[in-house]
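File shown: entry39.txt. Contents: compact mmCIF, C-alpha atoms and all ligand atoms.
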# COMPACT_ATOMS: atom_id res chain seq x y z
CA MET M 1 140.58 64.96 33.48
CA SER M 2 137.34 66.88 33.35
CA ARG M 3 137.41 70.39 31.94
CA ILE M 4 136.04 73.20 34.12
CA LEU M 5 133.79 75.56 32.16
CA ASP M 6 134.70 78.97 33.52
CA GLY M 7 131.68 81.28 33.67
CA ASN M 8 133.74 84.31 34.67
CA ARG M 9 135.83 84.01 31.50
CA ILE M 10 132.76 83.77 29.25
CA ARG M 11 131.09 86.64 31.14
CA ASP M 12 134.11 88.86 30.46
CA GLN M 13 134.07 87.96 26.76
CA ILE M 14 130.35 88.76 26.45
CA LYS M 15 130.77 92.04 28.34
CA SER M 16 133.70 93.16 26.22
CA GLU M 17 131.66 92.48 23.07
CA CYS M 18 128.93 94.74 24.48
CA LEU M 19 131.18 97.82 24.61
CA PRO M 20 131.45 98.59 20.86
CA ARG M 21 127.72 97.93 20.44
CA VAL M 22 126.93 100.50 23.16
CA GLU M 23 129.25 103.00 21.44
CA ARG M 24 127.54 102.39 18.11
CA LEU M 25 124.12 102.95 19.67
CA VAL M 26 125.29 106.19 21.30
CA ALA M 27 126.71 107.36 17.96
CA ARG M 28 123.46 106.56 16.12
CA THR M 29 120.87 107.67 18.67
CA GLY M 30 122.71 110.16 20.88
CA ARG M 31 121.93 108.18 24.00
CA PRO M 32 123.06 104.93 25.65
CA PRO M 33 120.78 101.88 25.88
CA GLY M 34 118.59 102.18 28.96
CA LEU M 35 117.65 99.44 31.41
CA ALA M 36 115.00 99.93 34.10
CA VAL M 37 114.93 97.46 36.99
CA VAL M 38 111.81 97.39 39.13
CA LEU M 39 112.26 96.13 42.68
CA VAL M 40 109.23 95.66 44.93
CA GLY M 41 109.69 95.10 48.65
CA ASP M 42 112.83 94.55 50.65
CA ASN M 43 114.26 91.15 49.87
CA PRO M 44 118.01 91.40 50.67
CA ALA M 45 119.03 88.87 47.97
CA SER M 46 117.00 90.77 45.34
CA GLU M 47 118.62 94.04 46.44
CA VAL M 48 122.08 92.50 45.86
CA TYR M 49 121.07 91.22 42.39
CA VAL M 50 119.58 94.57 41.40
CA ARG M 51 122.66 96.50 42.52
CA SER M 52 124.94 94.26 40.52
CA LYS M 53 122.72 94.60 37.44
CA THR M 54 122.74 98.41 37.48
CA LYS M 55 126.47 98.46 38.35
CA THR M 56 127.27 96.26 35.33
CA ALA M 57 125.11 98.47 33.12
CA ALA M 58 127.07 101.53 34.28
CA GLU M 59 130.41 99.76 33.68
CA LEU M 60 129.37 99.20 30.06
CA GLY M 61 128.33 102.83 29.56
CA MET M 62 124.63 102.00 29.64
CA MET M 63 121.91 103.80 31.55
CA GLY M 64 120.65 101.74 34.49
CA GLU M 65 117.72 102.97 36.54
CA THR M 66 116.29 101.25 39.61
CA ILE M 67 112.70 101.87 40.63
CA THR M 68 112.25 100.73 44.22
CA LEU M 69 108.70 100.33 45.49
CA PRO M 70 107.48 99.35 48.99
CA ALA M 71 106.27 95.80 49.67
CA SER M 72 102.78 97.22 50.20
CA THR M 73 102.54 98.43 46.57
CA GLU M 74 99.19 97.44 45.06
CA GLU M 75 99.15 95.50 41.81
CA ASP M 76 97.48 98.35 39.92
CA GLU M 77 100.12 100.85 41.11
CA LEU M 78 102.86 98.51 39.89
CA LEU M 79 101.10 98.08 36.55
CA ALA M 80 100.96 101.89 36.20
CA VAL M 81 104.72 102.15 36.88
CA ILE M 82 105.41 99.53 34.21
CA GLU M 83 103.09 101.25 31.72
CA ALA M 84 105.01 104.50 32.23
CA LEU M 85 108.28 102.64 31.52
CA ASN M 86 106.72 101.04 28.43
CA GLN M 87 106.07 104.56 27.12
CA ARG M 88 109.49 106.10 27.89
CA ARG M 89 111.59 106.27 24.73
CA GLU M 90 114.97 106.19 26.49
CA ILE M 91 114.13 102.90 28.27
CA ASP M 92 114.98 99.94 26.04
CA GLY M 93 114.70 97.17 28.61
CA ILE M 94 112.44 96.59 31.61
CA LEU M 95 113.21 93.95 34.20
CA ILE M 96 110.85 93.07 37.03
CA GLN M 97 112.96 91.58 39.82
CA LEU M 98 111.36 88.36 41.08
CA PRO M 99 110.00 87.25 43.46
CA LEU M 100 107.19 89.78 43.78
CA PRO M 101 105.18 90.10 47.03
CA HIS M 102 102.47 87.42 47.38
CA HIS M 103 99.52 89.80 46.98
CA VAL M 104 100.72 90.68 43.47
CA ASP M 105 99.89 88.43 40.49
CA ALA M 106 103.34 87.96 38.96
CA GLN M 107 101.93 86.55 35.70
CA ARG M 108 99.76 89.62 35.18
CA VAL M 109 102.71 91.91 35.93
CA LEU M 110 105.07 90.12 33.53
CA LEU M 111 102.36 90.26 30.87
CA SER M 112 102.22 94.04 31.20
CA VAL M 113 105.85 94.58 30.11
CA ALA M 114 106.02 95.64 26.45
CA PRO M 115 107.37 92.55 24.61
CA ASP M 116 109.97 94.64 22.76
CA LYS M 117 111.39 95.81 26.12
CA ASP M 118 111.17 92.41 27.82
CA VAL M 119 114.90 91.87 28.44
CA ASP M 120 114.27 88.75 30.54
CA GLY M 121 112.38 87.09 27.69
CA PHE M 122 109.63 86.01 30.12
CA HIS M 123 106.65 87.52 28.26
CA PRO M 124 104.43 84.83 26.69
CA TYR M 125 104.85 86.61 23.32
CA ASN M 126 108.62 86.14 23.53
CA ALA M 127 108.21 82.57 24.85
CA GLY M 128 106.16 82.01 21.68
CA LEU M 129 108.90 83.49 19.50
CA LEU M 130 111.40 81.14 21.13
CA SER M 131 109.20 78.06 20.77
CA THR M 132 108.65 78.80 17.07
CA GLY M 133 112.32 79.52 16.43
CA ARG M 134 111.90 83.24 15.70
CA GLU M 135 114.23 86.00 16.80
CA GLY M 136 113.49 87.76 20.10
CA PRO M 137 114.83 88.29 23.61
CA ARG M 138 115.74 84.97 25.24
CA PRO M 139 115.76 84.22 28.99
CA CYS M 140 119.23 85.19 30.18
CA THR M 141 120.37 82.10 32.09
CA PRO M 142 119.63 79.48 29.40
CA ALA M 143 120.86 81.83 26.64
CA GLY M 144 124.11 82.23 28.61
CA ILE M 145 124.46 78.45 28.81
CA ILE M 146 124.21 78.16 25.01
CA GLN M 147 126.91 80.84 24.73
CA MET M 148 129.07 78.87 27.17
CA LEU M 149 128.70 75.61 25.20
CA LYS M 150 129.45 77.32 21.88
CA ARG M 151 132.44 79.26 23.15
CA TYR M 152 133.95 76.08 24.58
CA GLU M 153 133.27 74.45 21.16
CA ILE M 154 131.05 71.77 22.66
CA THR M 155 128.95 70.19 19.91
CA ILE M 156 125.22 70.42 20.59
CA GLU M 157 123.83 69.23 17.26
CA GLY M 158 122.75 65.60 17.30
CA LYS M 159 123.56 65.14 20.98
CA ASN M 160 121.17 63.79 23.59
CA ALA M 161 120.42 66.62 25.99
CA VAL M 162 118.52 66.08 29.23
CA VAL M 163 117.19 69.10 31.10
CA VAL M 164 116.15 68.48 34.71
CA GLY M 165 113.63 71.16 35.73
CA ARG M 166 110.74 72.66 33.75
CA SER M 167 110.44 76.22 35.09
CA ASP M 168 109.43 78.99 32.68
CA ILE M 169 112.63 80.83 33.62
CA VAL M 170 115.26 78.13 33.14
CA GLY M 171 114.16 74.57 32.32
CA LYS M 172 111.65 75.14 29.50
CA PRO M 173 113.56 77.87 27.62
CA MET M 174 116.74 75.80 28.03
CA ALA M 175 115.04 72.85 26.37
CA PHE M 176 113.82 75.01 23.46
CA LEU M 177 117.24 76.60 22.96
CA LEU M 178 118.92 73.18 22.88
CA LEU M 179 116.28 71.99 20.41
CA GLN M 180 116.97 75.01 18.25
CA GLU M 181 120.63 73.94 18.22
CA ASN M 182 119.47 70.52 16.95
CA ALA M 183 119.97 68.49 20.12
CA THR M 184 117.55 65.65 20.92
CA VAL M 185 115.98 66.98 24.08
CA THR M 186 114.31 65.31 27.08
CA ILE M 187 112.79 67.34 29.90
CA CYS M 188 112.62 65.80 33.39
CA HIS M 189 110.77 67.17 36.43
CA SER M 190 109.49 66.33 39.89
CA ARG M 191 107.09 63.66 38.57
CA THR M 192 109.61 61.92 36.32
CA HIS M 193 110.03 58.20 36.99
CA ASP M 194 113.56 56.81 37.19
CA LEU M 195 115.31 60.14 36.81
CA ALA M 196 118.75 58.53 37.06
CA SER M 197 118.37 56.26 34.05
CA ILE M 198 117.07 59.12 31.87
CA CYS M 199 119.91 61.39 32.99
CA ARG M 200 122.41 58.67 32.11
CA THR M 201 121.30 58.95 28.44
CA ALA M 202 122.54 62.55 28.38
CA ASP M 203 125.58 63.71 26.43
CA ILE M 204 124.65 67.16 27.76
CA LEU M 205 123.00 67.21 31.17
CA VAL M 206 121.51 70.45 32.48
CA ALA M 207 120.39 70.56 36.12
CA ALA M 208 117.97 73.38 37.07
CA VAL M 209 116.15 72.07 40.11
CA GLY M 210 117.21 73.87 43.28
CA ARG M 211 118.06 70.75 45.36
CA PRO M 212 121.60 70.43 46.78
CA ALA M 213 123.60 67.76 44.93
CA LEU M 214 120.46 65.93 43.79
CA LEU M 215 122.29 64.48 40.81
CA THR M 216 125.10 62.08 41.71
CA GLU M 217 127.24 59.45 40.02
CA ASP M 218 124.04 57.47 39.33
CA HIS M 219 122.84 60.24 37.01
CA ILE M 220 125.99 61.06 35.05
CA LYS M 221 127.09 59.15 31.98
CA PRO M 222 130.91 59.00 31.93
CA GLY M 223 132.14 61.69 29.52
CA ALA M 224 128.96 63.79 29.64
CA VAL M 225 129.03 67.59 29.66
CA VAL M 226 127.25 68.73 32.82
CA ILE M 227 125.77 72.19 33.31
CA ASP M 228 124.72 72.97 36.86
CA VAL M 229 122.31 75.89 37.19
CA GLY M 230 121.36 75.27 40.81
CA ILE M 231 122.46 77.55 43.62
CA ASN M 232 121.78 76.02 47.03
CA ARG M 233 123.08 76.86 50.47
CA VAL M 234 124.01 73.83 52.58
CA GLU M 235 123.71 74.44 56.31
CA SER M 236 123.45 70.91 57.74
CA ARG M 237 126.67 69.11 58.75
CA VAL M 238 125.20 65.72 57.75
CA GLU M 239 124.31 67.06 54.30
CA ALA M 240 127.75 68.66 54.00
CA GLU M 241 129.41 65.29 54.75
CA ARG M 242 127.47 63.70 51.87
CA ILE M 243 128.50 66.43 49.47
CA PHE M 244 131.94 67.84 50.23
CA ASP M 245 135.48 66.44 50.35
CA ALA M 246 137.69 66.93 53.43
CA LYS M 247 139.05 70.31 52.29
CA ARG M 248 135.61 71.77 51.55
CA LEU M 249 134.24 70.24 54.73
CA ALA M 250 136.87 72.20 56.66
CA ASP M 251 135.65 75.35 54.84
CA PHE M 252 132.11 74.42 55.80
CA ASP M 253 133.09 74.07 59.47
CA ARG M 254 134.81 77.47 59.40
CA ARG M 255 131.94 79.31 57.69
CA GLY M 256 128.89 77.38 58.92
CA SER M 257 127.46 77.01 55.40
CA LEU M 258 128.56 76.59 51.77
CA LEU M 259 127.02 76.94 48.34
CA VAL M 260 126.49 73.90 46.16
CA GLY M 261 124.74 73.25 42.87
CA ASP M 262 122.21 70.57 41.94
CA VAL M 263 125.02 68.17 41.00
CA HIS M 264 127.37 66.40 43.41
CA PRO M 265 130.67 68.29 42.99
CA GLY M 266 132.99 65.29 43.49
CA ASP M 267 131.02 62.95 41.24
CA VAL M 268 130.76 65.45 38.38
CA ALA M 269 134.48 66.24 38.50
CA ARG M 270 135.29 62.52 38.35
CA LEU M 271 132.83 61.42 35.65
CA SER M 272 132.10 64.29 33.26
CA SER M 273 134.24 65.46 30.33
CA ALA M 274 133.40 69.09 31.20
CA TYR M 275 131.28 70.81 33.84
CA THR M 276 130.31 74.16 35.30
CA PRO M 277 131.40 74.66 38.92
CA VAL M 278 129.18 76.28 41.57
CA PRO M 279 129.94 79.07 42.16
CA GLY M 280 131.74 80.41 39.08
CA GLY M 281 129.94 78.49 36.33
CA VAL M 282 126.48 79.49 35.12
CA GLY M 283 125.93 82.26 37.71
CA PRO M 284 128.19 84.93 36.16
CA LEU M 285 126.63 84.52 32.70
CA THR M 286 123.15 85.72 33.60
CA ILE M 287 123.94 89.40 34.14
CA ALA M 288 126.21 89.54 31.08
CA MET M 289 123.36 88.15 28.97
CA LEU M 290 120.97 90.68 30.48
CA MET M 291 123.25 93.46 29.24
CA ARG M 292 123.44 91.84 25.82
CA ASN M 293 119.65 91.47 25.70
CA THR M 294 119.21 95.15 26.62
CA ILE M 295 121.57 96.18 23.84
CA GLU M 296 119.75 93.92 21.37
CA CYS M 297 116.37 95.39 22.38
CA ALA M 298 117.84 98.87 21.82
CA GLU M 299 119.25 97.82 18.44
CA ARG M 300 115.91 96.34 17.33
CA ARG M 301 114.02 99.42 18.51
CA THR M 302 116.37 101.70 16.55
CA GLY M 303 116.47 99.44 13.49
CA ILE M 304 120.19 98.58 13.75
CA GLU M 305 121.01 95.14 12.33
P1 LIG Q 1 111.90 76.28 40.11
O1 LIG Q 1 111.71 75.93 41.54
O2 LIG Q 1 110.99 77.22 39.44
O3 LIG Q 1 111.87 74.93 39.25
C1 LIG Q 1 112.48 73.75 39.71
C2 LIG Q 1 112.15 72.61 38.77
O4 LIG Q 1 112.77 71.43 39.27
C3 LIG Q 1 110.66 72.31 38.66
O5 LIG Q 1 110.32 72.31 37.29
C4 LIG Q 1 110.49 70.92 39.26
O6 LIG Q 1 109.58 70.11 38.51
C5 LIG Q 1 111.88 70.34 39.17
N1 LIG Q 1 112.14 69.43 40.29
C6 LIG Q 1 111.92 69.65 41.61
N2 LIG Q 1 112.28 68.56 42.32
C7 LIG Q 1 112.72 67.64 41.45
C8 LIG Q 1 113.20 66.33 41.56
N3 LIG Q 1 113.34 65.73 42.76
N4 LIG Q 1 113.56 65.67 40.44
C9 LIG Q 1 113.44 66.26 39.24
N5 LIG Q 1 113.00 67.53 39.06
C10 LIG Q 1 112.63 68.19 40.15
O7 LIG Q 1 113.43 76.73 39.99
P2 LIG Q 1 114.21 77.59 38.85
O8 LIG Q 1 113.82 79.01 38.93
O9 LIG Q 1 114.13 76.88 37.53
O10 LIG Q 1 115.70 77.47 39.41
C11 LIG Q 1 116.35 76.22 39.56
C12 LIG Q 1 117.67 76.42 40.27
O11 LIG Q 1 118.49 77.26 39.47
C13 LIG Q 1 117.57 77.14 41.62
O12 LIG Q 1 118.57 76.61 42.48
C14 LIG Q 1 117.89 78.57 41.31
O13 LIG Q 1 118.46 79.26 42.42
C15 LIG Q 1 118.91 78.41 40.21
N6 LIG Q 1 119.00 79.54 39.27
C16 LIG Q 1 120.24 79.98 38.98
C17 LIG Q 1 120.41 81.02 38.07
C18 LIG Q 1 121.78 81.48 37.74
O14 LIG Q 1 121.97 82.57 37.28
N7 LIG Q 1 122.79 80.64 37.94
C19 LIG Q 1 119.31 81.61 37.45
C20 LIG Q 1 118.02 81.10 37.76
C21 LIG Q 1 117.89 80.05 38.65

Would you mind writing the file's structure down as structure tokens?
Amino acid sequence: MSRILDGNRIRDQIKSECLPRVERLVARTGRPPGLAVVLVGDNPASEVYVRSKTKTAAELGMMGETITLPASTEEDELLAVIEALNQRREIDGILIQLPLPHHVDAQRVLLSVAPDKDVDGFHPYNAGLLSTGREGPRPCTPAGIIQMLKRYEITIEGKNAVVVGRSDIVGKPMAFLLLQENATVTICHSRTHDLASICRTADILVAAVGRPALLTEDHIKPGAVVIDVGINRVESRVEAERIFDAKRLADFDRRGSLLVGDVHPGDVARLSSAYTPVPGGVGPLTIAMLMRNTIECAERRTGIE
């Protein structure tokens, strides 16, 4: 029987550990840690994410501020907003909600966030700290996955880990974090030859691609631990038949679409020793880690160990 790695449970643990740290910061500094989220344009999915980030901050007694700017905002105006946030003492963390409108250079914008307030860990300075094994804010999704593996007492050291996907947000930082935990790491991507045979070497397989059920029984070594980062909406009946069992297919027919990860749900349940479901696996960890990163930025800025 494969074990289901429950992201909601780990999220709740991480959030409950945040509470005393917020109280300690309030006691030391007279103010809660502050997170500013910058949202440009009106992307409905981004609006949902931003609301749940500021709501979680409030639940933990933190200060969450959303700065909403119109889609027409010029790059220089956005840079000025970020510079003002860099200067504000009561803001410990700044998050730029992606994607940004096309006329804005996202790299330039991310570069303008003060590295000590970069709660997403996307600034090249913080990417450099990660790649050289130094302390600093880590990208939330991969950092949450490490927390998940550790809290389920899954050994990372000495294991073969394969990460599918090389984005700056998930794949690359995931690979560095696994390396830091002494795994032997392989990174695969869209130009990799014979993806299946490389994936089958994995004791820990992380899928961060964004393709519905790309990884199937051909990619999973029996007994592997499989972490599925992908969130994909399936809308085609033919695709749904390839992916879902009869019960889920009935759900699909009722709702007209269903979410699935990058790993085939039936195959992973049958072959792996443990896996993250979609939804309910990796997804819930990201916001909890964002809160933890904000608290850690506040602690570093106030000199608390
Ligand atoms: P991305 O599009 O930036 O990167 C995708 C990567 O997959 C690329 O590096 C590409 O080389 C690789 N790839 C594409 N096709 C491939 C193929 N056929 N074989 C092998 N590799 C291939 O995406 P991302 O931002 O890294 O996100 C990946 C997925 O994770 C998406 O579904 C996204 O929605 C999801 N995501 C989830 C969370 C969460 O909180 N659970 C957070 C971030 C991203």

Need the shell around Leu39 of chain M: protein/DNA/RNA residues with any atom at most 9 Å away, counting all atoms listed in the file. Skip same-chain ones fewer than 2 positions apart. Format as a list in words? Val37, Gly41, Asp42, Asn43, Ser46, Glu47, Val50, Thr66, Ile67, Thr68, Leu69, Pro70, Leu95, Ile96, Gln97, Leu98 and Leu100 of chain M

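Nearest to ligand LIG 1 (chain Q) of all the residues M:Ala246, M:Val40, M:Ile227, M:Ile304 is M:Ile227, counting all atoms listed in the file.
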
Near Ser16 of chain M, counting all atoms listed in the file, which residues have an atom at most 12 Å away, once you skip same-chain residues fewer than 2 positions from it, shown as an MDAnalysis selection string? chainID M and resid 9:14 18:23 56 59:61 288:289 291:292

Can you pull out every residue with an atom within 7 Å of ligand LIG 1 (chain Q)? Use only C-alpha atoms and all ligand atoms and format it as a PyMOL selection string. chain M and resi 141+164-167+169-171+188-192+195+208-211+229-232+282-286

Point-to-point distance in Å for atom CA of Glu235 of chain M and atom CA of Ser257 of chain M: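 Atom CA of Ser257 of chain M sits 4.6 Å away from atom CA of Glu235 of chain M.
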
So the first atom is atom CA of Asn8 of chain M and the second is atom CA of Asp228 of chain M; what is the distance between them in Å, to one decimal place?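 Taking atom CA of Asn8 of chain M as the start and atom CA of Asp228 of chain M as the end point, the length is 14.7 Å.
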
For atom CA of Thr302 of chain M and atom CA of Thr29 of chain M, quote the distance in Å rounded to one decimal. 7.8 Å

Per-residue nearest contacts segment 106-220 of chain M to segment 71-92 of chain M, cut-off 10 Å, using all atoms listed in the file, as a tab-separated table:
residue	atom	partner	partner_atom	distance
M:Ala106	CA	M:Glu75	CA	9.1
M:Arg108	CA	M:Leu79	CA	8.7
M:Val109	CA	M:Leu79	CA	6.4
M:Leu110	CA	M:Leu79	CA	9.4
M:Leu111	CA	M:Leu79	CA	9.7
M:Ser112	CA	M:Leu79	CA	6.8
M:Val113	CA	M:Ile82	CA	6.4
M:Ala114	CA	M:Asn86	CA	5.8
M:Pro115	CA	M:Asn86	CA	9.3
M:Asp116	CA	M:Asp92	CA	8.0
M:Lys117	CA	M:Asp92	CA	5.5
M:Asp118	CA	M:Asp92	CA	8.6
M:Val119	CA	M:Asp92	CA	8.4

Which residue gives the smallest distance to Gln147 of chain M among M:Gly7, M:Ser2, M:Phe176, M:Ser272, with only C-alpha atoms counted?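 Selected residue with least distance to Gln147 of chain M: M:Gly7.
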
Using only C-alpha atoms, which residues sit within 12 Å of Ala183 of chain M once same-chain residues fewer than 3 positions away are excluded, as a list in words? Ile146, Ile154, Thr155, Ile156, Glu157, Gly158, Lys159, Asn160, Ala161, Val162, Val163, Met174, Ala175, Phe176, Leu177, Leu178, Leu179, Gln180, Thr186, Ala202, Asp203, Ile204 and Leu205 of chain M

If I wrap all listed atoms of segment 84-89 of chain M in a box with edges along x, y and z and add 6 Å on each side, what are its centre and edge lengths in Å to one decimal, as AutoDock Vina command-line options?
--center_x 108.3 --center_y 103.7 --center_z 28.5 --size_x 18.6 --size_y 17.2 --size_z 19.5

Nearest-residue call for Leu5 of chain M, choices M:Ala57, M:Leu149, M:Ile220, M:Ala127, using only C-alpha atoms: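 Looking only at the distances to Leu5 of chain M, the closest residue turns out to be M:Leu149.
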
Could you write segment 135-153 of chain M of the block just shown to a file containing N, CA and C atoms, as a short mmCIF file (atom, residue, chain, number, x, y, z; two decimals), in the first residue's frame?
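The resulting selection_37.cif:
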data_model
loop_
_atom_site.label_atom_id
_atom_site.label_comp_id
_atom_site.auth_asym_id
_atom_site.auth_seq_id
_atom_site.Cartn_x
_atom_site.Cartn_y
_atom_site.Cartn_z
N GLU M 135 22.76 30.28 4.21
CA GLU M 135 21.42 30.57 4.70
C GLU M 135 20.78 31.73 3.92
N GLY M 136 19.46 31.67 3.76
CA GLY M 136 18.75 32.74 3.05
C GLY M 136 17.35 32.26 2.74
N PRO M 137 16.47 33.18 2.27
CA PRO M 137 15.12 32.75 1.94
C PRO M 137 15.11 31.78 0.75
N ARG M 138 14.40 30.69 0.89
CA ARG M 138 14.34 29.66 -0.16
C ARG M 138 12.98 29.71 -0.85
N PRO M 139 12.93 29.44 -2.15
CA PRO M 139 11.64 29.39 -2.85
C PRO M 139 10.66 28.46 -2.12
N CYS M 140 9.43 28.96 -1.95
CA CYS M 140 8.48 28.34 -1.01
C CYS M 140 8.08 26.91 -1.38
N THR M 141 7.80 26.67 -2.66
CA THR M 141 7.29 25.34 -3.02
C THR M 141 8.35 24.25 -2.80
N PRO M 142 9.56 24.40 -3.35
CA PRO M 142 10.56 23.36 -3.07
C PRO M 142 10.94 23.26 -1.59
N ALA M 143 10.99 24.39 -0.90
CA ALA M 143 11.32 24.33 0.55
C ALA M 143 10.23 23.56 1.29
N GLY M 144 8.97 23.74 0.87
CA GLY M 144 7.86 23.00 1.49
C GLY M 144 7.99 21.50 1.24
N ILE M 145 8.47 21.15 0.06
CA ILE M 145 8.63 19.72 -0.27
C ILE M 145 9.69 19.08 0.63
N ILE M 146 10.77 19.81 0.89
CA ILE M 146 11.80 19.28 1.81
C ILE M 146 11.19 19.08 3.20
N GLN M 147 10.38 20.06 3.64
CA GLN M 147 9.71 19.92 4.94
C GLN M 147 8.83 18.67 4.95
N MET M 148 8.10 18.48 3.87
CA MET M 148 7.20 17.32 3.76
C MET M 148 8.00 16.02 3.89
N LEU M 149 9.10 15.91 3.14
CA LEU M 149 9.90 14.67 3.17
C LEU M 149 10.44 14.44 4.58
N LYS M 150 10.94 15.50 5.20
CA LYS M 150 11.55 15.33 6.54
C LYS M 150 10.50 14.96 7.57
N ARG M 151 9.35 15.60 7.50
CA ARG M 151 8.32 15.36 8.52
C ARG M 151 7.69 13.97 8.35
N TYR M 152 7.75 13.42 7.16
CA TYR M 152 7.31 12.03 6.98
C TYR M 152 8.49 11.04 7.15
N GLU M 153 9.63 11.57 7.63
CA GLU M 153 10.82 10.75 7.90
C GLU M 153 11.25 9.94 6.68
#
